[in-house]
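Shown below: input.tsv, with TSV, C-alpha atoms.
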```
chain	number	residue	atom	x	y	z
A	237	MET	CA	-13.65	-7.11	7.79
A	238	ASP	CA	-11.13	-7.57	4.98
A	239	GLU	CA	-11.00	-10.80	2.99
A	240	GLN	CA	-7.72	-12.11	4.38
A	241	ARG	CA	-8.82	-11.45	7.96
A	242	ARG	CA	-12.22	-13.06	7.33
A	243	LYS	CA	-10.63	-16.21	5.89
A	244	ARG	CA	-8.25	-16.46	8.81
A	245	TYR	CA	-11.07	-16.23	11.34
A	246	GLU	CA	-13.11	-18.72	9.33
A	247	GLU	CA	-10.36	-21.29	9.70
A	248	VAL	CA	-10.16	-20.69	13.43
A	249	TYR	CA	-13.89	-20.58	14.11
A	250	ARG	CA	-14.70	-23.63	11.99
A	251	ARG	CA	-13.03	-26.00	14.44
A	252	ASP	CA	-13.00	-26.53	18.17
A	253	PRO	CA	-9.92	-25.42	20.11
A	254	THR	CA	-6.89	-27.69	19.68
A	255	ASP	CA	-4.94	-29.19	22.58
A	256	ALA	CA	-2.39	-26.37	22.33
A	257	GLU	CA	-5.11	-23.70	22.40
A	258	ARG	CA	-6.77	-25.39	25.38
A	259	ALA	CA	-3.44	-25.51	27.19
A	260	MET	CA	-2.96	-21.81	26.48
A	261	GLU	CA	-6.42	-21.01	27.83
A	262	ARG	CA	-5.65	-22.93	31.01
A	263	ASP	CA	-2.34	-21.04	31.34
A	264	VAL	CA	-3.90	-17.63	30.84
A	265	PHE	CA	-7.41	-17.91	32.27
A	266	GLY	CA	-7.37	-21.14	34.26
A	267	THR	CA	-10.48	-22.30	32.40
A	268	ASP	CA	-11.69	-24.55	29.59
A	269	GLU	CA	-14.51	-22.34	28.30
A	270	GLY	CA	-13.19	-21.83	24.77
A	271	ILE	CA	-12.05	-18.28	25.49
A	272	TRP	CA	-10.77	-16.54	22.38
A	273	SER	CA	-10.38	-12.94	23.53
A	274	TYR	CA	-9.09	-10.81	26.38
A	275	THR	CA	-12.42	-11.05	28.20
A	276	THR	CA	-11.89	-12.96	31.44
A	277	PRO	CA	-14.59	-14.97	33.23
A	278	ALA	CA	-14.70	-12.25	35.90
A	279	GLN	CA	-15.34	-9.65	33.21
A	280	ALA	CA	-18.06	-11.85	31.69
A	281	ASP	CA	-19.66	-11.95	35.14
A	282	ALA	CA	-19.44	-8.16	35.27
A	283	LEU	CA	-21.21	-7.98	31.89
A	284	ALA	CA	-24.00	-10.17	33.28
A	285	ARG	CA	-24.43	-7.88	36.28
A	286	GLU	CA	-24.33	-4.68	34.23
A	287	LEU	CA	-26.91	-6.04	31.80
A	288	LYS	CA	-29.06	-7.60	34.53
A	289	LEU	CA	-29.17	-10.87	32.60
A	290	ARG	CA	-31.54	-13.50	33.93
A	291	PRO	CA	-34.08	-16.04	32.63
A	292	GLY	CA	-36.47	-14.41	30.17
A	293	LYS	CA	-34.00	-11.77	28.99
A	294	LEU	CA	-32.84	-11.82	25.37
A	295	LEU	CA	-29.18	-11.01	24.69
A	296	LEU	CA	-27.60	-10.24	21.30
A	297	ASP	CA	-23.88	-11.04	20.96
A	298	VAL	CA	-22.35	-9.26	17.98
A	299	GLY	CA	-19.10	-10.86	16.83
A	300	SER	CA	-19.67	-14.03	18.79
A	301	GLY	CA	-16.76	-16.09	17.46
A	302	ARG	CA	-16.78	-19.57	18.97
A	303	GLY	CA	-19.34	-18.44	21.53
A	304	TRP	CA	-17.27	-16.86	24.25
A	305	PRO	CA	-18.69	-15.30	26.41
A	306	SER	CA	-22.27	-15.68	25.20
A	307	VAL	CA	-22.52	-19.45	25.82
A	308	TYR	CA	-21.13	-18.87	29.31
A	309	LEU	CA	-23.64	-16.07	29.93
A	310	ALA	CA	-26.55	-18.26	28.78
A	311	ARG	CA	-25.37	-21.02	31.10
A	312	THR	CA	-24.67	-18.89	34.18
A	313	THR	CA	-27.60	-16.44	34.00
A	314	GLY	CA	-30.35	-18.42	32.29
A	315	CYS	CA	-30.83	-15.73	29.64
A	316	SER	CA	-31.51	-16.49	25.97
A	317	VAL	CA	-28.94	-15.55	23.34
A	318	VAL	CA	-28.83	-14.68	19.66
A	319	ALA	CA	-25.22	-14.80	18.48
A	320	THR	CA	-23.97	-13.31	15.20
A	321	ASP	CA	-20.66	-13.22	13.42
A	322	VAL	CA	-19.33	-12.82	9.89
A	323	PRO	CA	-16.91	-15.73	9.37
A	324	ALA	CA	-18.47	-18.95	8.09
A	325	GLY	CA	-18.19	-21.67	10.71
A	326	SER	CA	-18.63	-19.32	13.65
A	327	PRO	CA	-22.40	-19.86	14.09
A	328	HIS	CA	-22.06	-23.64	13.81
A	329	THR	CA	-19.19	-23.83	16.30
A	330	ALA	CA	-20.92	-21.50	18.76
A	331	ALA	CA	-24.12	-23.54	18.51
A	332	ARG	CA	-22.18	-26.74	19.07
A	333	ARG	CA	-20.60	-25.25	22.19
A	334	ALA	CA	-24.04	-24.15	23.36
A	335	GLY	CA	-25.24	-27.72	23.00
A	336	GLY	CA	-22.26	-28.97	24.97
A	337	ASN	CA	-23.13	-26.52	27.74
A	338	GLY	CA	-26.78	-27.56	27.89
A	339	VAL	CA	-28.18	-24.27	26.61
A	340	ALA	CA	-29.03	-25.20	23.00
A	341	THR	CA	-32.73	-24.42	23.43
A	342	ARG	CA	-31.88	-20.86	24.53
A	343	TYR	CA	-29.11	-20.19	22.04
A	344	ALA	CA	-29.49	-19.28	18.36
A	345	SER	CA	-26.60	-18.32	16.12
A	346	LEU	CA	-26.45	-16.97	12.61
A	347	ARG	CA	-24.06	-15.43	10.14
A	348	ALA	CA	-24.57	-11.69	9.98
A	349	SER	CA	-22.51	-8.53	9.96
A	350	GLY	CA	-22.80	-6.03	12.78
A	351	THR	CA	-23.51	-3.36	10.20
A	352	HIS	CA	-26.45	-5.24	8.68
A	353	LEU	CA	-28.22	-7.10	11.45
A	354	PRO	CA	-31.47	-8.77	10.36
A	355	PHE	CA	-33.56	-7.94	13.41
A	356	HIS	CA	-36.55	-5.74	14.11
A	357	SER	CA	-36.20	-2.73	16.36
A	358	ARG	CA	-36.95	-3.21	20.06
A	359	THR	CA	-36.06	-6.90	19.99
A	360	PHE	CA	-33.29	-7.29	22.56
A	361	ASP	CA	-32.96	-6.55	26.25
A	362	ALA	CA	-29.20	-6.30	25.96
A	363	VAL	CA	-26.39	-6.25	23.41
A	364	ILE	CA	-22.74	-7.15	23.90
A	365	HIS	CA	-19.60	-7.27	21.84
A	366	THR	CA	-16.23	-8.12	23.24
A	367	ASP	CA	-13.02	-7.01	21.55
A	368	VAL	CA	-14.72	-6.91	18.17
A	369	LEU	CA	-13.83	-3.35	17.17
B	150	MET	CA	-32.61	-3.27	18.10
B	151	LEU	CA	-32.56	-2.61	21.83
B	152	LYS	CA	-35.80	-2.27	23.69
B	153	PRO	CA	-36.30	1.00	25.56
B	154	HIS	CA	-34.06	0.96	28.64
B	155	GLY	CA	-32.13	-1.94	27.11
B	156	ARG	CA	-28.42	-1.90	27.71
B	157	LEU	CA	-25.37	-2.14	25.50
B	158	ALA	CA	-22.09	-3.35	27.01
B	159	PHE	CA	-18.82	-3.90	25.25
B	160	CYS	CA	-15.17	-4.41	26.00
B	161	THR	CA	-12.77	-2.90	23.53
B	162	ILE	CA	-9.08	-2.20	23.01
B	163	PHE	CA	-8.19	1.27	21.84
B	164	ALA	CA	-5.40	3.78	21.57
B	165	ALA	CA	-5.29	6.37	24.34
B	166	GLN	CA	-6.27	9.92	23.51
B	167	GLY	CA	-3.55	12.52	22.99
B	168	LEU	CA	-0.82	10.20	21.78
B	169	SER	CA	2.30	11.48	20.12
B	170	ALA	CA	2.45	10.89	16.36
B	171	ALA	CA	5.12	8.22	16.91
B	172	ASP	CA	3.07	6.32	19.49
B	173	ARG	CA	-0.03	6.53	17.33
B	174	ARG	CA	1.86	5.13	14.34
B	175	LEU	CA	3.18	2.28	16.50
B	176	ALA	CA	-0.26	1.49	17.90
B	177	LEU	CA	-1.76	1.67	14.41
B	178	ARG	CA	0.81	-0.81	13.11
B	179	LEU	CA	0.14	-3.30	15.91
B	180	ARG	CA	-3.63	-2.95	16.13
B	181	PRO	CA	-4.88	-1.22	13.00
B	182	LEU	CA	-8.57	-1.90	13.58
B	183	SER	CA	-8.56	-0.76	17.20
B	184	VAL	CA	-6.69	2.43	16.45
B	185	SER	CA	-8.06	3.48	13.11
B	186	TRP	CA	-11.71	2.90	13.90
B	187	HIS	CA	-12.31	6.49	14.96
B	188	ASN	CA	-10.69	9.45	16.62
B	189	LEU	CA	-13.41	10.21	19.16
B	190	PRO	CA	-13.65	8.83	22.70
B	191	GLN	CA	-16.06	5.91	22.94
B	192	ARG	CA	-18.15	7.72	25.53
B	193	GLU	CA	-18.71	10.60	23.16
B	194	LEU	CA	-19.63	8.26	20.32
B	195	LEU	CA	-22.20	6.54	22.52
B	196	ALA	CA	-23.67	9.84	23.65
B	197	ARG	CA	-23.88	11.08	20.05
B	198	ALA	CA	-25.73	7.86	19.16
B	199	GLY	CA	-28.37	8.74	21.74
B	200	PHE	CA	-27.35	6.45	24.58
B	201	VAL	CA	-27.68	7.64	28.16
B	202	HIS	CA	-26.07	6.66	31.46
B	203	VAL	CA	-22.81	6.00	29.66
B	204	ARG	CA	-20.15	4.53	31.94
B	205	GLU	CA	-16.56	3.48	31.36
B	206	THR	CA	-14.62	1.01	33.50
B	207	ASP	CA	-10.92	0.86	32.84
B	208	LEU	CA	-9.66	-2.73	32.35
B	209	THR	CA	-6.13	-1.87	31.29
B	210	ALA	CA	-4.40	-3.40	34.32
B	211	GLU	CA	-6.09	-6.75	33.66
B	212	PHE	CA	-5.43	-6.34	29.92
B	213	LEU	CA	-1.73	-6.01	30.71
B	214	ARG	CA	-1.76	-9.06	32.96
B	215	ILE	CA	-3.53	-11.18	30.33
B	216	ALA	CA	-1.31	-9.87	27.50
B	217	ARG	CA	1.83	-10.89	29.43
B	218	LEU	CA	0.39	-14.33	30.20
B	219	MET	CA	-0.61	-14.80	26.55
B	220	VAL	CA	2.91	-14.06	25.36
B	221	GLU	CA	4.42	-16.46	27.90
B	222	SER	CA	1.92	-19.17	26.99
B	223	GLN	CA	2.34	-18.70	23.22
B	224	ILE	CA	6.08	-19.18	23.64
B	225	ARG	CA	5.51	-22.23	25.86
B	226	HIS	CA	3.10	-23.86	23.37
B	227	ALA	CA	4.65	-22.56	20.16
B	228	ASP	CA	5.18	-26.02	18.69
B	229	GLY	CA	1.45	-26.76	18.92
B	230	LEU	CA	0.23	-23.30	17.96
B	231	ARG	CA	2.52	-22.51	15.01
B	232	PRO	CA	0.99	-25.12	12.62
B	233	LEU	CA	-2.50	-23.67	13.19
B	234	LYS	CA	-1.64	-20.56	11.19
B	235	PRO	CA	-0.26	-20.00	7.69
B	236	PRO	CA	3.55	-20.17	7.52
B	237	GLY	CA	5.14	-17.17	9.20
B	238	ASP	CA	1.96	-15.83	10.76
B	239	PHE	CA	2.46	-17.27	14.24
B	240	ASP	CA	5.93	-15.76	14.65
B	241	ARG	CA	4.80	-12.44	13.18
B	242	ASP	CA	1.80	-12.32	15.53
B	243	LEU	CA	3.89	-13.33	18.54
B	244	LYS	CA	6.35	-10.54	17.74
B	245	SER	CA	3.44	-8.08	17.63
B	246	HIS	CA	2.11	-9.34	20.96
B	247	ILE	CA	5.55	-8.96	22.54
B	248	GLN	CA	5.81	-5.40	21.19
B	249	GLU	CA	2.33	-4.63	22.47
B	250	VAL	CA	3.13	-5.31	26.14
B	251	PRO	CA	5.31	-2.20	26.66
B	252	LEU	CA	2.68	-0.13	24.84
B	253	ILE	CA	0.08	-1.25	27.37
B	254	GLU	CA	2.54	-0.61	30.21
B	255	ARG	CA	3.02	2.97	28.96
B	256	GLY	CA	-0.71	3.54	28.62
B	257	VAL	CA	-0.62	3.85	24.82
B	258	MET	CA	-3.04	0.95	24.37
B	259	ARG	CA	-5.99	0.69	26.74
B	260	ARG	CA	-8.91	-1.64	27.24
B	261	ALA	CA	-12.19	-0.71	28.89
B	262	LEU	CA	-15.74	-1.84	29.48
B	263	PHE	CA	-18.40	0.58	28.28
B	264	VAL	CA	-22.00	0.33	29.39
B	265	ALA	CA	-24.80	2.50	28.02
B	266	GLU	CA	-28.58	2.51	28.09
B	267	ARG	CA	-31.12	3.24	25.42
B	268	PRO	CA	-33.60	5.90	26.60
```

This entry written out as structure tokens:
Amino acid sequence: MDEQRRKRYEEVYRRDPTDAERAMERDVFGTDEGIWSYTTPAQADALARELKLRPGKLLLDVGSGRGWPSVYLARTTGCSVVATDVPAGSPHTAARRAGGNGVATRYASLRASGTHLPFHSRTFDAVIHTDVL
Amino acid sequence: MLKPHGRLAFCTIFAAQGLSAADRRLALRLRPLSVSWHNLPQRELLARAGFVHVRETDLTAEFLRIARLMVESQIRHADGLRPLKPPGDFDRDLKSHIQEVPLIERGVMRRALFVAERP
């Protein structure tokens, strides 16, 4: 991620959605989930089915942004999530959204690049990334 | 990092294979990361990385629907959205999003869900 792009995402991810962004999400998706991508709730549900997410499963979200759709997946499937992203502010905002959705105890977020993830092999049951590349 | 039989799933936007040079240049200008990332189909990349049971679900129709709605909504809420970006960026980005819609309509830009399993 280049420096200009990283700074731009840091500014966005450091704060919660504004009224205008929430209005846009309601226009486009009909939701108030903090969606910041092209991934619709129906597609997030499809991810959950494809990955067989359920309580006890550990999901890694690479490029988690503000926590869409990983917070939603933790809430709707009962799985546990580790969320990573590069821009500063992203882990904090995602964690805050997890708390607001009642999944804080099953949601950990940290700043890490997808090319240098600090995890042991054979850690996760599933990995997602949505519109990151 | 995946356990054996663990699954990877991702949604991504990419330029269609076999584009003309002009379409590829246009797609590259609008979405440089999505287009320049590689020249191989995602399925082939996943297979080369050792994944099995690789499946692709085309999401382009929904991508087009969402892209159109995003443009309409950005125009509707421009006064609230413009100050969130550095001067000039909102209008530049909106112009790109408007130009992107016909590219999706023509099949130049696609979006798909890929699912693959670690052996």

Item to check | Distance-based interface of chain A with chain B, 9 Å, counting all atoms listed in the file, as a PyMOL selection string | outcome: chain A and resi 244+247-248+254-257+259-261+263-265+274-276+279+283+286-288+353+355-369

Checklist entry - What lies within 12 Å of Gly338 (chain A) using only C-alpha atoms, ignoring chain neighbours under 5 positions off, as a list in words? => result Val307, Tyr308, Ala310, Arg311, Thr312, Gly314, Ala331, Arg332, Arg333 and Tyr343 of chain A

Next on the checklist: One decimal, in Å: what's the spacing between CA of Ala340 (chain A) and CA of Pro291 (chain A)?
Outcome noted: 14.2 Å

Item to check | Interatomic distance, CA of Ser169 (chain B) to CA of Val250 (chain B) (Å, one decimal) | outcome: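 Interatomic distance here is 17.9 Å.
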
Checklist outcome for this item: One decimal place gives the CA of Glu246 (chain A)-CA of Gly325 (chain A) separation as 6.0 Å

Item to check | Polymer residues at most 7 Å from Ala164 (chain B), only C-alpha atoms, same-chain spacing of 5 or more positions, as a PyMOL selection string | outcome: chain B and resi 176+184+257-259

Item to check | Neighbour list for Ser349 (chain A) as a list in words, cut-off 9 Å, all atoms listed in the file, skip fewer than 4 positions in-chain | outcome: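 Listing them by chain and then by number gives Val298, Gly299, Thr320, Asp321, Val322, Leu353 and Pro354 of chain A.
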
Checklist entry - Do you know which residues are at most 9 Å from Leu309 (chain A) counting all atoms listed in the file, after dropping those on the same chain fewer than 4 positions away, and could you put them as a PyMOL selection string? => result chain A and resi 280-281+283-284+289+304-305+313-317

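In terms of minimum interatomic distance to Tyr249 (chain A), A:Ser326 ranks closest within A:Ser326, A:Ser273, A:Thr267, A:Ser300, counting all atoms listed in the file.
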
Checklist entry - Which polymer residues have any atom within 10 Å of an atom of Arg250 (chain A), counting all atoms listed in the file, with same-chain residues fewer than 3 positions away left out, as a list in words? => result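 Result of the neighbour search: Tyr245, Glu246, Glu247, Pro253, Gly301, Arg302, Pro323, Ala324, Gly325, Ser326, Pro327, His328, Thr329 and Ala330 of chain A.
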
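With all atoms listed in the file as the atoms that count, the minimum distance from Glu249 (chain B) to the choices B:Ala170, B:Leu175, B:Ala165, B:Leu194 is reached by B:Leu175.
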